[in-house]
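What follows is a set of notes on a single structure, which appears directly below.
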Amino acid sequence: MNIDIQPLTAKKSLFEDESKLGFGNLFTDRMFLMDYDAGEGWHSPRIVPYGPLSLDPSCAVLHYAQEIFEGLKAFRRPDGNIALFRPRDNFERFNRSAARMCMPELDVDFVLKALKTLIHLESDWVPKSLGTSLYIRPTMIATDPYLGVHPSSKYLFYIILSPVGAYYKNGFSPVKIYISDGYVRSAPGGTGEAKTGGNYAASLKASMEAAALGFDQVLWLDAVERKYVEEVGSMNICFLYDGKVVTSPLKGTILDGITRRSILALVKELGLQVEERALSVDEILEGAGNGRLKEAFGTGTAAVVSPVGQFTYRDRTVTLGDGRMGELTGRLYDMLTGIQYGKLPDQHGWVEMI
Ligand code: COI
């Protein structure tokens with residue numbers, strides 16, 4: 001399939017100060033779109049000026065949330081070249097989300113080619129400084145104009161691009177986490193592993209209640225026993241516990257994070273043991289007090305490696321170490337971003353140049 005590149009009628013002004021970039025509030029001049037119809041498959045790939053979509057108000061995504069998305073990043077190297085980090089892994093995960101949500105899969109090679117073409121056209125939007133990047137949001141929505149509950153026969157796939165800085169407003173200072181007591185994010189057999197908007201919509205109430213109490217994020221517990229750590233709203237979570245890095249196992253209720261996978265590989269490279277097991281709330285609360293729990297950090301494309309300074313569960317708050325970024329957390333952040341920005345060799349083949 002050839003990609004139709006439509007002319008740009010007007011160019012937006014670029015951001016002026018990279019150090020002021022936030023997360024996800026600024027979009028580049030162009031976007032990639034492609035349609036799917038049952039029988040015909042994917043067709044009409046095109047790059048068009050960024051702008052609103054025209055949707056029938058009855059279309060399936062607006063009623064039954066048949067939607068999936070991804071998040072990946074492109075990084076500007078010191079030599080000016082642009083690197084994508086593990087893009088194939090993201091598109092393969094996108095296809096797994098598609099299968100779970102009864103949506104059509106994508107040809108990974110084709111969408112990667114489309115993404116590279118789009119970024120090539122938008123390359124002046126890729127910021128240069130460490131900690132900034134071009135955030136990439138591939139999305140698929142169900143567009144059947146029909147109110148019956150069934151998988152759509154029409155879909156729109158699109159990719160939008162956003163120059164970003166740190167995900168959290170306070171940059172990389174440790175976040176305060178509220179351990180959810182009353183709400184759950186996902187249950188066995190549900191859609192927790194799929195990157196689908198409904199998981200995030202369902203998390204909003206707990207996040208708002210936690211934010212009103214001064215917390216940055218909610219940590220979700222398992223839906224059955226309400227006892228074991230699963231993930232944080234916008235990232236997977238790891239703990240330095242008894243000298244090992246402990247993180248929740250992939251059992252279908254949490255996101256199979258690409259950053260999570262990368263960090264676990266880097267942890268092993270440092271000679272530390274990784275334990276994928278269910279850590280309990282008690283282990284967090286007691287471990288912070290008796291020194292068994294030394295550090296905690298979130299991992300995610302948007303969050304990168306984000307230190308956790310504090311956990312609160314019901315009326316109990318514990319602080320980790322001196323409340324500042326832990327040594328291992330800082331080291332892993334430097335290793336990961338070193339590979340992404342080209343300061344360290346990419347021994348794993350994670351980087352794909354544009
Ligand atoms: C990402 O890290 O890319 C995500 O999709 C998380 C989102 C909540 C910002």
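Chain lettering (A, B, ...) mirrors the order of the structure tokens, residue numbering begins at 1 for each chain separately, and ligand numbering begins at 1 in order of display.
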I'd like a table as a Markdown table: residues in chain A with an atom no more than 6 Å from ligand 1, each row giving the shortest atom pair and its distance in Å to one decimal, only C-alpha atoms and all ligand atoms counted, sorted by chain and rising residue number.
| residue | atom | partner | partner_atom_place_in_ligand_line | distance |
| --- | --- | --- | --- | --- |
| A:Glu70 | CA | ligand 1 | 5 (O) | 5.9 |
| A:Gly71 | CA | ligand 1 | 3 (O) | 3.5 |
| A:Leu72 | CA | ligand 1 | 3 (O) | 5.8 |
| A:Ser234 | CA | ligand 1 | 8 (C) | 4.0 |
| A:Gly300 | CA | ligand 1 | 2 (O) | 4.5 |
| A:Thr301 | CA | ligand 1 | 2 (O) | 3.8 |
| A:Ala302 | CA | ligand 1 | 2 (O) | 3.7 |
| A:Ala303 | CA | ligand 1 | 2 (O) | 5.9 |
- Please report, as a ChimeraX atom specification, each residue of range 87-305 of chain A to which DSSP assigns strand (DSSP E) when run on this structure's backbone. /A:133-142,154-164,175-179,217-221,229-232,236-241,244-247,274-276,293-300,304-305
- Task: Would you kindly return, as a PyMOL selection string, each protein, DNA or RNA residue with an atom no farther than 8 Å from any atom of range 241-249 of chain A, considering only C-alpha atoms and excluding same-chain residues fewer than 2 positions away?
- Result: chain A and resi 229-231+237-239+251+267+272-279+287+292-295
- Write out as a ChimeraX atom specification each polymer residue whose atoms come within 12 Å of Arg316 in chain A, counting only C-alpha atoms; drop sequence neighbours fewer than 5 positions from it. /A:177-179,281-282,284-286,288-289,310-311
Determine which residues of range 81-229 of chain A receive a DSSP assignment of alpha helix (DSSP H), computed from the backbone, and state them as a short mmCIF file (atom, residue, chain, number, x, y, z; two decimals) with all heavy atoms, in the first residue's frame.
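part-v3.cif written:
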data_model
loop_
_atom_site.label_atom_id
_atom_site.label_comp_id
_atom_site.auth_asym_id
_atom_site.auth_seq_id
_atom_site.Cartn_x
_atom_site.Cartn_y
_atom_site.Cartn_z
N PRO A 87 10.01 -0.10 18.93
CA PRO A 87 8.70 0.15 18.32
C PRO A 87 7.95 -1.13 17.94
O PRO A 87 6.73 -1.20 18.02
CB PRO A 87 9.04 0.98 17.07
CG PRO A 87 10.45 0.63 16.76
CD PRO A 87 11.11 0.39 18.10
N ARG A 88 8.72 -2.16 17.55
CA ARG A 88 8.04 -3.41 17.16
C ARG A 88 7.32 -4.03 18.35
O ARG A 88 6.22 -4.57 18.21
CB ARG A 88 9.05 -4.43 16.62
CG ARG A 88 9.45 -4.16 15.23
CD ARG A 88 10.54 -5.06 14.70
NE ARG A 88 11.01 -4.45 13.49
CZ ARG A 88 10.40 -4.56 12.31
NH1 ARG A 88 9.34 -5.35 12.20
NH2 ARG A 88 10.84 -3.93 11.26
N ASP A 89 7.95 -3.93 19.52
CA ASP A 89 7.31 -4.49 20.72
C ASP A 89 5.99 -3.79 20.99
O ASP A 89 5.01 -4.40 21.41
CB ASP A 89 8.24 -4.37 21.93
CG ASP A 89 9.47 -5.23 21.74
OD1 ASP A 89 9.35 -6.45 21.85
OD2 ASP A 89 10.54 -4.68 21.42
N ASN A 90 5.99 -2.46 20.77
CA ASN A 90 4.74 -1.72 20.99
C ASN A 90 3.66 -2.15 20.00
O ASN A 90 2.49 -2.33 20.38
CB ASN A 90 4.97 -0.21 20.87
CG ASN A 90 5.60 0.34 22.13
OD1 ASN A 90 6.81 0.44 22.22
ND2 ASN A 90 4.78 0.66 23.12
N PHE A 91 4.03 -2.30 18.73
CA PHE A 91 3.00 -2.67 17.75
C PHE A 91 2.55 -4.12 17.95
O PHE A 91 1.40 -4.46 17.68
CB PHE A 91 3.46 -2.39 16.32
CG PHE A 91 3.41 -0.91 15.99
CD1 PHE A 91 4.55 -0.22 15.63
CD2 PHE A 91 2.21 -0.22 16.07
CE1 PHE A 91 4.50 1.15 15.34
CE2 PHE A 91 2.14 1.14 15.79
CZ PHE A 91 3.29 1.82 15.42
N GLU A 92 3.46 -4.96 18.43
CA GLU A 92 3.03 -6.34 18.72
C GLU A 92 2.05 -6.35 19.91
O GLU A 92 1.07 -7.08 19.91
CB GLU A 92 4.25 -7.23 18.97
CG GLU A 92 4.84 -7.68 17.64
CD GLU A 92 6.27 -8.15 17.71
OE1 GLU A 92 6.76 -8.42 18.83
OE2 GLU A 92 6.91 -8.23 16.64
N ARG A 93 2.34 -5.50 20.91
CA ARG A 93 1.40 -5.42 22.04
C ARG A 93 0.06 -4.83 21.56
O ARG A 93 -1.00 -5.24 22.03
CB ARG A 93 2.00 -4.55 23.16
CG ARG A 93 1.13 -4.52 24.40
CD ARG A 93 1.78 -3.82 25.55
NE ARG A 93 1.96 -2.40 25.29
CZ ARG A 93 2.52 -1.56 26.14
NH1 ARG A 93 2.99 -1.99 27.30
NH2 ARG A 93 2.64 -0.28 25.84
N PHE A 94 0.13 -3.87 20.65
CA PHE A 94 -1.09 -3.29 20.08
C PHE A 94 -1.94 -4.41 19.46
O PHE A 94 -3.16 -4.47 19.65
CB PHE A 94 -0.68 -2.27 19.01
CG PHE A 94 -1.80 -1.39 18.50
CD1 PHE A 94 -2.17 -0.25 19.20
CD2 PHE A 94 -2.48 -1.67 17.33
CE1 PHE A 94 -3.18 0.58 18.73
CE2 PHE A 94 -3.49 -0.86 16.85
CZ PHE A 94 -3.84 0.28 17.56
N ASN A 95 -1.28 -5.32 18.74
CA ASN A 95 -2.03 -6.42 18.12
C ASN A 95 -2.63 -7.37 19.16
O ASN A 95 -3.71 -7.92 18.95
CB ASN A 95 -1.13 -7.18 17.14
CG ASN A 95 -1.03 -6.46 15.80
OD1 ASN A 95 -1.85 -5.57 15.50
ND2 ASN A 95 -0.05 -6.81 14.99
N ARG A 96 -1.93 -7.53 20.30
CA ARG A 96 -2.51 -8.38 21.36
C ARG A 96 -3.73 -7.69 21.97
O ARG A 96 -4.74 -8.33 22.25
CB ARG A 96 -1.46 -8.70 22.43
CG ARG A 96 -0.35 -9.62 21.93
CD ARG A 96 0.42 -10.26 23.09
NE ARG A 96 1.12 -9.31 23.92
CZ ARG A 96 2.29 -8.75 23.64
NH1 ARG A 96 2.92 -9.07 22.52
NH2 ARG A 96 2.86 -7.89 24.47
N SER A 97 -3.63 -6.36 22.14
CA SER A 97 -4.80 -5.61 22.64
C SER A 97 -5.94 -5.73 21.65
O SER A 97 -7.11 -5.90 22.03
CB SER A 97 -4.46 -4.13 22.84
OG SER A 97 -3.45 -3.94 23.78
N ALA A 98 -5.60 -5.65 20.34
CA ALA A 98 -6.63 -5.74 19.29
C ALA A 98 -7.36 -7.08 19.39
O ALA A 98 -8.59 -7.15 19.35
CB ALA A 98 -6.00 -5.57 17.91
N ALA A 99 -6.58 -8.16 19.56
CA ALA A 99 -7.20 -9.49 19.64
C ALA A 99 -8.17 -9.56 20.84
O ALA A 99 -9.28 -10.09 20.72
CB ALA A 99 -6.12 -10.56 19.76
N ARG A 100 -7.76 -8.98 21.98
CA ARG A 100 -8.61 -9.03 23.18
C ARG A 100 -9.91 -8.24 23.00
O ARG A 100 -10.95 -8.59 23.54
CB ARG A 100 -7.82 -8.49 24.39
CG ARG A 100 -8.61 -8.42 25.70
CD ARG A 100 -9.04 -9.80 26.16
NE ARG A 100 -9.82 -9.77 27.40
CZ ARG A 100 -11.13 -9.55 27.45
NH1 ARG A 100 -11.82 -9.34 26.35
NH2 ARG A 100 -11.76 -9.55 28.63
N VAL A 108 2.72 -5.14 11.21
CA VAL A 108 3.71 -4.39 12.00
C VAL A 108 4.72 -3.68 11.08
O VAL A 108 5.06 -2.51 11.30
CB VAL A 108 4.41 -5.32 13.02
CG1 VAL A 108 5.58 -4.62 13.69
CG2 VAL A 108 3.41 -5.80 14.06
N ASP A 109 5.20 -4.37 10.05
CA ASP A 109 6.19 -3.74 9.16
C ASP A 109 5.60 -2.51 8.47
O ASP A 109 6.25 -1.49 8.35
CB ASP A 109 6.67 -4.74 8.09
CG ASP A 109 7.59 -5.77 8.69
OD1 ASP A 109 8.38 -5.40 9.59
OD2 ASP A 109 7.50 -6.95 8.31
N PHE A 110 4.33 -2.63 8.07
CA PHE A 110 3.72 -1.51 7.35
C PHE A 110 3.52 -0.30 8.28
O PHE A 110 3.86 0.83 7.93
CB PHE A 110 2.39 -1.91 6.70
CG PHE A 110 1.76 -0.74 6.01
CD1 PHE A 110 2.28 -0.30 4.80
CD2 PHE A 110 0.72 -0.04 6.59
CE1 PHE A 110 1.75 0.83 4.17
CE2 PHE A 110 0.18 1.08 5.98
CZ PHE A 110 0.70 1.51 4.76
N VAL A 111 3.00 -0.53 9.48
CA VAL A 111 2.75 0.64 10.35
C VAL A 111 4.05 1.26 10.83
O VAL A 111 4.13 2.47 11.04
CB VAL A 111 1.83 0.36 11.56
CG1 VAL A 111 0.40 0.34 11.15
CG2 VAL A 111 2.21 -0.87 12.33
N LEU A 112 5.08 0.43 10.94
CA LEU A 112 6.38 0.97 11.33
C LEU A 112 6.92 1.87 10.21
O LEU A 112 7.46 2.95 10.46
CB LEU A 112 7.33 -0.18 11.64
CG LEU A 112 8.59 0.15 12.41
CD1 LEU A 112 8.31 1.01 13.63
CD2 LEU A 112 9.29 -1.14 12.84
N LYS A 113 6.72 1.42 8.98
CA LYS A 113 7.14 2.25 7.83
C LYS A 113 6.34 3.56 7.82
O LYS A 113 6.88 4.65 7.63
CB LYS A 113 6.90 1.47 6.52
CG LYS A 113 7.37 2.21 5.28
CD LYS A 113 7.14 1.39 4.03
CE LYS A 113 5.93 1.94 3.29
NZ LYS A 113 5.60 1.28 2.05
N ALA A 114 5.04 3.46 8.08
CA ALA A 114 4.19 4.66 8.11
C ALA A 114 4.65 5.61 9.21
O ALA A 114 4.73 6.84 9.01
CB ALA A 114 2.73 4.26 8.33
N LEU A 115 4.96 5.04 10.38
CA LEU A 115 5.41 5.87 11.51
C LEU A 115 6.71 6.60 11.16
O LEU A 115 6.87 7.79 11.43
CB LEU A 115 5.59 4.99 12.76
CG LEU A 115 6.20 5.69 13.97
CD1 LEU A 115 5.32 6.85 14.45
CD2 LEU A 115 6.44 4.71 15.11
N LYS A 116 7.63 5.87 10.54
CA LYS A 116 8.91 6.48 10.19
C LYS A 116 8.71 7.61 9.17
O LYS A 116 9.34 8.66 9.25
CB LYS A 116 9.88 5.42 9.65
CG LYS A 116 10.40 4.50 10.74
CD LYS A 116 11.38 3.50 10.17
CE LYS A 116 11.92 2.59 11.25
NZ LYS A 116 12.82 1.57 10.74
N THR A 117 7.80 7.37 8.21
CA THR A 117 7.53 8.41 7.20
C THR A 117 6.96 9.65 7.89
O THR A 117 7.35 10.78 7.61
CB THR A 117 6.51 7.87 6.15
OG1 THR A 117 6.99 6.63 5.66
CG2 THR A 117 6.32 8.83 5.00
N LEU A 118 6.03 9.42 8.81
CA LEU A 118 5.40 10.55 9.53
C LEU A 118 6.45 11.32 10.34
O LEU A 118 6.51 12.56 10.29
CB LEU A 118 4.29 10.00 10.45
CG LEU A 118 3.56 11.02 11.31
CD1 LEU A 118 2.77 12.00 10.43
CD2 LEU A 118 2.60 10.33 12.29
N ILE A 119 7.29 10.59 11.07
CA ILE A 119 8.28 11.29 11.91
C ILE A 119 9.30 12.02 11.04
O ILE A 119 9.75 13.12 11.38
CB ILE A 119 8.96 10.30 12.88
CG1 ILE A 119 7.93 9.75 13.86
CG2 ILE A 119 10.09 11.00 13.65
CD1 ILE A 119 8.47 8.79 14.88
N HIS A 120 9.63 11.42 9.91
CA HIS A 120 10.56 12.06 9.00
C HIS A 120 10.00 13.44 8.59
O HIS A 120 10.71 14.44 8.60
CB HIS A 120 10.74 11.16 7.78
CG HIS A 120 11.91 11.52 6.97
ND1 HIS A 120 13.20 11.34 7.41
CD2 HIS A 120 11.99 12.11 5.75
CE1 HIS A 120 14.02 11.78 6.49
NE2 HIS A 120 13.32 12.25 5.48
N LEU A 121 8.69 13.47 8.27
CA LEU A 121 8.07 14.74 7.86
C LEU A 121 7.99 15.73 9.03
O LEU A 121 8.00 16.94 8.84
CB LEU A 121 6.65 14.48 7.34
CG LEU A 121 6.55 13.76 6.00
CD1 LEU A 121 5.13 13.25 5.77
CD2 LEU A 121 6.95 14.71 4.87
N GLY A 197 -8.90 2.10 26.41
CA GLY A 197 -9.28 3.31 27.15
C GLY A 197 -10.13 3.04 28.38
O GLY A 197 -10.01 3.75 29.39
N GLY A 198 -10.98 2.02 28.34
CA GLY A 198 -11.88 1.75 29.45
C GLY A 198 -11.15 1.50 30.76
O GLY A 198 -11.63 1.87 31.84
N ASN A 199 -9.97 0.87 30.68
CA ASN A 199 -9.20 0.63 31.91
C ASN A 199 -8.84 1.96 32.57
O ASN A 199 -8.80 2.07 33.80
CB ASN A 199 -7.89 -0.11 31.60
CG ASN A 199 -8.12 -1.55 31.19
OD1 ASN A 199 -9.16 -2.13 31.50
ND2 ASN A 199 -7.16 -2.11 30.47
N TYR A 200 -8.55 2.94 31.73
CA TYR A 200 -8.12 4.24 32.25
C TYR A 200 -9.33 5.04 32.74
O TYR A 200 -9.27 5.71 33.77
CB TYR A 200 -7.31 5.00 31.17
CG TYR A 200 -6.02 4.26 30.85
CD1 TYR A 200 -6.01 3.16 30.00
CD2 TYR A 200 -4.83 4.63 31.46
CE1 TYR A 200 -4.84 2.46 29.74
CE2 TYR A 200 -3.65 3.92 31.21
CZ TYR A 200 -3.67 2.84 30.34
OH TYR A 200 -2.50 2.14 30.10
N ALA A 201 -10.45 4.94 32.00
CA ALA A 201 -11.67 5.63 32.42
C ALA A 201 -12.10 5.11 33.80
O ALA A 201 -12.48 5.89 34.68
CB ALA A 201 -12.78 5.41 31.39
N ALA A 202 -11.99 3.79 33.97
CA ALA A 202 -12.42 3.18 35.23
C ALA A 202 -11.53 3.60 36.40
O ALA A 202 -11.93 3.49 37.56
CB ALA A 202 -12.43 1.66 35.09
N SER A 203 -10.32 4.07 36.07
CA SER A 203 -9.38 4.42 37.15
C SER A 203 -9.54 5.87 37.62
O SER A 203 -8.96 6.28 38.62
CB SER A 203 -7.94 4.21 36.67
OG SER A 203 -7.56 5.26 35.78
N LEU A 204 -10.34 6.65 36.89
CA LEU A 204 -10.35 8.10 37.15
C LEU A 204 -10.88 8.47 38.53
O LEU A 204 -10.35 9.37 39.18
CB LEU A 204 -11.16 8.82 36.07
CG LEU A 204 -10.56 8.74 34.65
CD1 LEU A 204 -11.47 9.42 33.65
CD2 LEU A 204 -9.17 9.35 34.61
N LYS A 205 -11.93 7.79 38.97
CA LYS A 205 -12.55 8.20 40.23
C LYS A 205 -11.56 8.05 41.40
O LYS A 205 -11.38 8.97 42.19
CB LYS A 205 -13.82 7.39 40.49
CG LYS A 205 -14.62 7.91 41.65
CD LYS A 205 -16.08 7.57 41.53
CE LYS A 205 -16.86 7.89 42.79
NZ LYS A 205 -16.86 9.31 43.12
N ALA A 206 -10.89 6.90 41.42
CA ALA A 206 -9.91 6.69 42.50
C ALA A 206 -8.78 7.72 42.38
O ALA A 206 -8.31 8.26 43.39
CB ALA A 206 -9.36 5.27 42.42
N SER A 207 -8.36 8.01 41.14
CA SER A 207 -7.26 8.97 40.95
C SER A 207 -7.66 10.36 41.43
O SER A 207 -6.87 11.06 42.06
CB SER A 207 -6.87 9.09 39.48
OG SER A 207 -6.53 7.85 38.98
N MET A 208 -8.90 10.76 41.13
CA MET A 208 -9.36 12.09 41.55
C MET A 208 -9.45 12.17 43.07
O MET A 208 -9.06 13.17 43.67
CB MET A 208 -10.75 12.39 40.94
CG MET A 208 -10.72 12.68 39.46
SD MET A 208 -9.65 14.09 39.04
CE MET A 208 -8.16 13.25 38.55
N GLU A 209 -9.94 11.09 43.69
CA GLU A 209 -10.04 11.11 45.15
C GLU A 209 -8.65 11.17 45.78
O GLU A 209 -8.43 11.88 46.75
CB GLU A 209 -10.82 9.88 45.63
CG GLU A 209 -12.30 9.99 45.27
CD GLU A 209 -13.14 8.79 45.70
OE1 GLU A 209 -12.62 7.89 46.39
OE2 GLU A 209 -14.32 8.76 45.31
N ALA A 210 -7.71 10.43 45.17
CA ALA A 210 -6.34 10.43 45.70
C ALA A 210 -5.70 11.80 45.48
O ALA A 210 -5.02 12.34 46.37
CB ALA A 210 -5.53 9.33 45.02
N ALA A 211 -5.93 12.40 44.30
CA ALA A 211 -5.35 13.72 44.00
C ALA A 211 -5.86 14.76 44.98
O ALA A 211 -5.11 15.63 45.45
CB ALA A 211 -5.66 14.12 42.57
N ALA A 212 -7.16 14.66 45.33
CA ALA A 212 -7.73 15.64 46.26
C ALA A 212 -7.06 15.54 47.63
O ALA A 212 -7.03 16.50 48.40
CB ALA A 212 -9.23 15.40 46.39
#
Just the residues within 7 Å of range 337-346 of chain A, please, counting only C-alpha atoms, with nothing from its chain fewer than 2 positions along; format it as a short mmCIF file (atom, residue, chain, number, x, y, z; two decimals) with N, CA and C atoms, in the first residue's frame.
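Below you can see out_31.cif, which holds the result:
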data_model
loop_
_atom_site.label_atom_id
_atom_site.label_comp_id
_atom_site.auth_asym_id
_atom_site.auth_seq_id
_atom_site.Cartn_x
_atom_site.Cartn_y
_atom_site.Cartn_z
N PHE A 75 13.51 9.60 20.15
CA PHE A 75 14.49 10.41 20.87
C PHE A 75 15.47 11.06 19.89
N ARG A 76 15.80 12.32 20.15
CA ARG A 76 16.81 13.01 19.34
C ARG A 76 18.18 12.68 19.93
N ARG A 77 19.07 12.16 19.08
CA ARG A 77 20.43 11.84 19.51
C ARG A 77 21.32 13.08 19.44
N PHE A 85 12.42 3.67 20.27
CA PHE A 85 12.75 2.66 21.27
C PHE A 85 11.74 1.52 21.22
N TYR A 333 17.51 4.56 35.66
CA TYR A 333 17.07 5.69 34.81
C TYR A 333 18.20 6.08 33.86
N ASP A 334 19.42 6.18 34.40
CA ASP A 334 20.57 6.59 33.56
C ASP A 334 20.87 5.53 32.49
N MET A 335 20.75 4.26 32.87
CA MET A 335 21.03 3.19 31.88
C MET A 335 20.01 3.22 30.75
N HIS A 348 21.06 -4.68 23.30
CA HIS A 348 19.88 -5.56 23.21
C HIS A 348 19.15 -5.45 21.87
N GLY A 349 19.59 -4.52 21.02
CA GLY A 349 18.89 -4.30 19.76
C GLY A 349 17.51 -3.66 19.98
N TRP A 350 17.42 -2.78 20.96
CA TRP A 350 16.14 -2.14 21.30
C TRP A 350 15.85 -0.90 20.45
N VAL A 351 16.92 -0.34 19.87
CA VAL A 351 16.77 0.95 19.20
C VAL A 351 16.61 0.76 17.70
#
- Query: Hey, which of A:Pro188, A:Pro78, A:Pro7, A:Gly148 ends up closest to Glu225 in chain A? Count only C-alpha atoms.
  - Reply: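 Ranking A:Pro188, A:Pro78, A:Pro7, A:Gly148 by distance to Glu225 in chain A, first place goes to A:Pro188.
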- Message: Which residues are near Phe23 in chain A? Cut-off 12 Å, only C-alpha atoms, ignore same chain within fewer than 6 positions. Put them as a ChimeraX atom specification.
- Response: /A:131-136,161-171,301-303
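For the residues A:Ile82, A:Met1, A:Ile160, A:Val126, ranking by smallest atom-to-atom distance to Val48 in chain A using only C-alpha atoms places A:Ile160 first.
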